[in-house]
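*Asks:* Quick one: structure below, then a few questions.
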Amino acid sequence: MSLRDSLNIPKALPIIPLRNAVLFPNQFLPISVAREKSMKILQESSLSDSTIAILTQNDASVDNPRPDEMFNIGTEAKIMRIIDMPDGSKTVLLQGLNRVKVITFLQESPYYKAAFQPYTDSIETNEHIDALMNNLRRLFRRVVELSNEASYEQVLMIQNIKEPGTLADLVAAFLNIPLADKKSILEAIDVEQRLQVTNELINKHSQTLELGEKIQSDIKSKFDKTQREMFLREQLTAIRKELGDDSDNQDIKEIRDKISKAKMSEEAQKVAEKELERLSQMHPSSAEYTVSRTYLDWLIELPWSVQTEDNLDISAAEKKLNQDHYGLTKVKERILEYLAVRKLKSDMRGPILCFVGPPGVGKTSLGRSIAEALGRKFIRISLGGVRDEAEIRGHRRTYIGALPGRIIKGIKRAGTNNPVFMLDEIDKLGNDFRGDPSSALLEVLDPEQNFSFSDHYLEVPFDLSKVMFIATANVTYTIPPALRDRMEIIEIPSYIVEEKLNIAKQFLVPRQLAEHGLKKSLLQFQDDALRSVIQNYTKEAGVRNLEREIATICRKVATDFAKGNKKGKRMSPKMLTKLLGPPRFYEEAAERLIAPGIAIGMAWTPVGGDILFIEASKMPGKGSLILTGQLGEVMKESAQAAMSYIRAHADDYNIDPKFNEVNDIHIHVPSGAVPKDGPSAGVTLFTALISLLSGKKVSSEIAMTGEITLRGSVLPVGGIKEKVLAAHRSGIKNIILPAKNEKDLIEVPKQVQDDLKFYFVKQMSEVIPLALEKDNKKTNNIQLAAREKKNKVQAESIVTA
């Protein structure tokens, strides 16, 4: 009795879908099971007598195939072994029993189950079947000889199988034929038909392998021919040398002449000549010839000894810088100092500068003006988002399509070895698995190393010491310390209103009139109109949006002119609403400080300074402190410190000491989508809480900044210049600063200082009399109590700029 006859075959079988494989009867096949439905089948099955149906999916990419997405003929299988894997899946060893055909699906949950019609093979043979079996064995051996798709044991097994149906099934199972071909064999129920189909498909597979073998042989023959040609060519070269005929071809002669004229360094000259010798031994049609020729072209075209002569006329350079840019005194002074020293010492190394400032203040355009003032070529590369070290140093020549990095490419494009080289957005460099570009720049920007900069592609040193490198950045804290240390940082501040007005009159308006084809007689701007655009339609540290608004006005006027209105316009503030719409920005401090509990702080951002409103509110509760507005940890701690100080000194400010027991305090900083952090809001948080708890409003004309301590001290903070300029732009008239920040006002333009009144404080108790409105006796009582408590505190120091 056969094994098949001893099995109890049920009519209804659970189904495990199979990807990219077909299970045939009498085949042992391990599969990996991880899908939920299939795992449930394994949990409910017994290893002793349960059988399942294996159906192959039409599309292997489908995770949960529908009934119509699986073969309708499969194989009934017995589970021989189940092994649990570390990742939670299971490996199952299956034995195929016989073919089954789906009659109807019985269920889809918790797993597929269907009624099947089983089929068994008849073992009757005849001469035709015997012939088909012998031919199939021969084809199987041929395929194995061509591809080694089956093991030696499998070959022996095929030779000894007597049952025709089993022979066809196992041949299909052992060979790597397409899934569609295996499906055709599985669907052949009749044994003779199955043998016929298998013979046809395996014969086709054999012919495909034979064709591949022939192609491989042809390629090998061609390769052998190429080697033979190369060997003969080398022999020909040797014969020419013996005969005294050592003339190079025209290309080699031209390259040799160019190398001699390039005036390379000694090391580069040796490398070039060695590479030229290799090139002369190559056949022009070989791939290596092109690689070698490209490398030589790069060596030849680099400006090893070509440089422009600096314009050392300091007065002319100063005039050029003033023509192109308004203000920026520090930068201009630094360039003129370089020219003065360069005039005294001709071999001075180029400076490495880094312009740091908010967007739109003219950092990039300043680099071009410096190049024009010096009489040098200007090259700019953007480093924003660069993550690959090879962008700086290049790829090694072992890689296909390798080229030098951006530094060498820029030098070649400039055509001189002393250009002004701008590294734009150096603070936005990235890094990943391909390396760290900022580390590659360490050599470029180090005067002690860059005289022998080595690009991975060139592999010979190139002197960068004559190059004037100028980097630009919005912030410095994202620049790695080692890289930042190699550069001379020059901060470019935000522009004040008067500076923007002058820039607009001297540069922006004439440029936009020219770009829009307008004559001065057609459009003129009053100063009040430009000032209104600056204050009511833009809110920025630089002038980019200002130029866009001026361009909008020019387009409107150009449109009006094109329609036939030839009359010139003199732009006034009243006309702006029609052309630009209603004002977008206005001084809102007075409108927002309508109730106690609101104070104005000053903040520093990467795009310039800004003011922020801190709002405090109280409601019945149990003393909770709620902080909202996407505040960082440091800012939250400042709020907690302010609350603790107020609780400890409530009597000094005529505040109920038990306010914390019956009220919850909520502090919110508007613009909740913008993250905020830092200790400089401590004074503002403290003032807002005192205003809330005392019932006194904060003056709408005063803004403040400073870090606080639990002992009541006000500590210095950074970014004073940007903060003061932001407050000035917003219409603030009075500013409270830490006493130790008084020295930082030297960087604030005198015009801004003249418009503002500054109060310098050392203790938190000095802030409240200055910040709260003084319209009744309550404020005086607070001030008196605070001074009696802090008898050692100096009287308030008021400095009017």
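Ligands are numbered from 1 in the order shown, residues from 1 within each chain, and chains are lettered A, B, ... in the order they appear in the structure tokens.
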Excluding Ala541 in chain A and its own-chain neighbours fewer than 5 positions away, which residues fall within 6 Å of it when counting only C-alpha atoms? Please give them as a PyMOL selection string.

*Replies:* chain A and resi 494-495+608

*Asks:* Generate a file of the selected residues that holds all heavy atoms, formatted as a PDB file, in the first residue's frame.

*Replies:*
ATOM      1  N   SER A 494      21.370  93.723  11.207  1.00  0.00           N
ATOM      2  CA  SER A 494      20.132  94.113  10.526  1.00  0.00           C
ATOM      3  C   SER A 494      20.195  95.594  10.164  1.00  0.00           C
ATOM      4  O   SER A 494      20.918  96.382  10.781  1.00  0.00           O
ATOM      5  CB  SER A 494      18.930  93.869  11.440  1.00  0.00           C
ATOM      6  OG  SER A 494      18.899  92.536  11.896  1.00  0.00           O
ATOM      7  N   TYR A 495      19.410  95.956   9.170  1.00  0.00           N
ATOM      8  CA  TYR A 495      19.340  97.368   8.765  1.00  0.00           C
ATOM      9  C   TYR A 495      18.248  98.083   9.552  1.00  0.00           C
ATOM     10  O   TYR A 495      17.179  97.516   9.808  1.00  0.00           O
ATOM     11  CB  TYR A 495      19.032  97.477   7.271  1.00  0.00           C
ATOM     12  CG  TYR A 495      20.142  96.992   6.370  1.00  0.00           C
ATOM     13  CD1 TYR A 495      19.907  96.000   5.415  1.00  0.00           C
ATOM     14  CD2 TYR A 495      21.415  97.533   6.447  1.00  0.00           C
ATOM     15  CE1 TYR A 495      20.923  95.558   4.581  1.00  0.00           C
ATOM     16  CE2 TYR A 495      22.432  97.107   5.617  1.00  0.00           C
ATOM     17  CZ  TYR A 495      22.188  96.116   4.685  1.00  0.00           C
ATOM     18  OH  TYR A 495      23.181  95.682   3.863  1.00  0.00           O
ATOM     19  N   GLY A 608      17.303  87.527  12.453  1.00  0.00           N
ATOM     20  CA  GLY A 608      17.255  88.857  13.048  1.00  0.00           C
ATOM     21  C   GLY A 608      16.479  88.834  14.347  1.00  0.00           C
ATOM     22  O   GLY A 608      15.960  87.809  14.778  1.00  0.00           O
TER      23      GLY A 608
END

*Asks:* Give me every strand (DSSP E) residue in range 199-412 of chain A, going by DSSP on the backbone, as number ranges by chain.

*Replies:* A: 352-356, 378-382

*Asks:* Can you work out which one of A:Gln27, A:Asn176, A:Gln281, A:Thr705 has the shortest atom-to-atom distance to Leu94 in chain A, counting only C-alpha atoms?

*Replies:*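 Under the stated criterion, the closest residue is A:Gln27.
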
*Asks:* In Å, how far is it from CA of Gly517 in chain A to CA of Leu579 in chain A?

*Replies:*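 CA of Leu579 in chain A lies at a distance of 18.4 Å from CA of Gly517 in chain A.
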
*Asks:* So, with only C-alpha atoms as the atoms that count, which of A:Ser206, A:Met70, A:Ile314, A:Ala482 lies closest to Val341 in chain A?

*Replies:*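 For Val341 in chain A, the nearest of the given residues is A:Ile314.
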
*Asks:* Excluding His325 in chain A and residues on its chain fewer than 3 positions from it, collect all residues at most 9 Å away from it, counting only C-alpha atoms, and give them as a ChimeraX atom specification.

*Replies:* /A:320-322,328,362,365-366,369,503,507

*Asks:* What does the distance from CA of Ile300 in chain A to CA of Leu458 in chain A come to in Å, to one decimal?

*Replies:*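 Distance between the two atoms: 11.2 Å.
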
*Asks:* Step one, run DSSP on the backbone; step two, keep only residues of range 132-366 of chain A assigned to alpha helix (DSSP H); then write them as number ranges by chain.

*Replies:* A: 132-147, 152-160, 164-174, 179-186, 191-243, 250-261, 266-280, 287-301, 314-324, 329-344, 363-366

*Asks:* Applying 12 Å and only C-alpha atoms, which residues near Thr605 in chain A remain after dropping the ones on its own chain fewer than 6 positions away? List them as a PyMOL selection string.

*Replies:* chain A and resi 357-359+474-475+494+540-541+611-612+674-678+718-723+726

*Asks:* Name the residues in contact with Ala673 in chain A at a cut-off of 8 Å, using only C-alpha atoms, excluding same-chain residues fewer than 2 positions from it; report them as a PyMOL selection string.

*Replies:* chain A and resi 629-630+671+675

*Asks:* Find the residues near Thr308 in chain A: any atom within 10 Å, counting only C-alpha atoms, skip ones fewer than 2 places away on the same chain, and give them as a ChimeraX atom specification.

*Replies:* /A:306,310-311,374-377,415-419

*Asks:* Might you pull out every residue within 12 Å of Asp190 in chain A, with only C-alpha atoms counted and same-chain residues fewer than 2 positions away left off, and present them as a VMD selection string?

*Replies:* chain A and resid 99 119 to 124 129 164 to 165 168 185 to 188 192 to 197

*Asks:* Go ahead and write the residues just picked, C-alpha atoms, as a PDB file, in the first residue's frame.

*Replies:*
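Listing of again23.pdb after writing:
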ATOM      1  CA  ARG A  99      -2.956  17.617  -6.837  1.00  0.00           C
ATOM      2  CA  TYR A 119      -6.503  13.868  -8.226  1.00  0.00           C
ATOM      3  CA  THR A 120      -4.208  10.803  -8.209  1.00  0.00           C
ATOM      4  CA  ASP A 121      -1.880   9.715 -11.008  1.00  0.00           C
ATOM      5  CA  SER A 122      -2.442   6.508 -12.987  1.00  0.00           C
ATOM      6  CA  ILE A 123       0.717   4.375 -13.374  1.00  0.00           C
ATOM      7  CA  GLU A 124      -0.059   2.854 -16.770  1.00  0.00           C
ATOM      8  CA  ILE A 129       5.293   7.523 -22.351  1.00  0.00           C
ATOM      9  CA  PRO A 164       5.972   9.039 -15.206  1.00  0.00           C
ATOM     10  CA  GLY A 165       3.877  11.587 -13.308  1.00  0.00           C
ATOM     11  CA  ALA A 168       7.603  15.238 -14.611  1.00  0.00           C
ATOM     12  CA  ILE A 185       2.932  21.555 -15.517  1.00  0.00           C
ATOM     13  CA  LEU A 186       0.916  21.607 -12.282  1.00  0.00           C
ATOM     14  CA  GLU A 187      -2.359  22.106 -14.206  1.00  0.00           C
ATOM     15  CA  ALA A 188      -1.661  19.058 -16.449  1.00  0.00           C
ATOM     16  CA  GLU A 192       0.949  11.750 -20.675  1.00  0.00           C
ATOM     17  CA  GLN A 193      -0.031  15.369 -21.314  1.00  0.00           C
ATOM     18  CA  ARG A 194       2.087  16.419 -18.321  1.00  0.00           C
ATOM     19  CA  LEU A 195       5.139  14.623 -19.729  1.00  0.00           C
ATOM     20  CA  GLN A 196       4.577  16.274 -23.110  1.00  0.00           C
ATOM     21  CA  VAL A 197       4.288  19.783 -21.578  1.00  0.00           C
TER      22      VAL A 197
END

*Asks:* Go through A:Val543, A:Leu23, A:Ala771, A:Ile496 and flag the residue nearest Val509 in chain A, using only C-alpha atoms for the distances.

*Replies:* A:Val543

*Asks:* Return the single residue from A:Ser305, A:Gln43, A:Thr125, A:Gln117 that is closest to Glu163 in chain A, with distances computed using only C-alpha atoms.

*Replies:*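 Looking only at the distances to Glu163 in chain A, the closest residue turns out to be A:Thr125.
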
*Asks:* Using only C-alpha atoms, which residue out of A:Leu518, A:Glu391, A:Leu445, A:Asn199 lies closest to Ala131 in chain A?

*Replies:*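 With only C-alpha atoms as the atom set, the closest residue is A:Asn199.
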
*Asks:* Could you work out how far CA of Asp324 in chain A lies from CA of Ile550 in chain A, giving the answer in Å with one decimal?

*Replies:*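 CA of Asp324 in chain A lies 18.7 Å from CA of Ile550 in chain A.
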
*Asks:* Check the smallest atom-to-atom distance from each of A:Gly542, A:Gly212, A:Gly394, A:Gly74 to Pro493 in chain A using only C-alpha atoms, then report the winner.

*Replies:*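 Among A:Gly542, A:Gly212, A:Gly394, A:Gly74, it is A:Gly542 that comes nearest to Pro493 in chain A.
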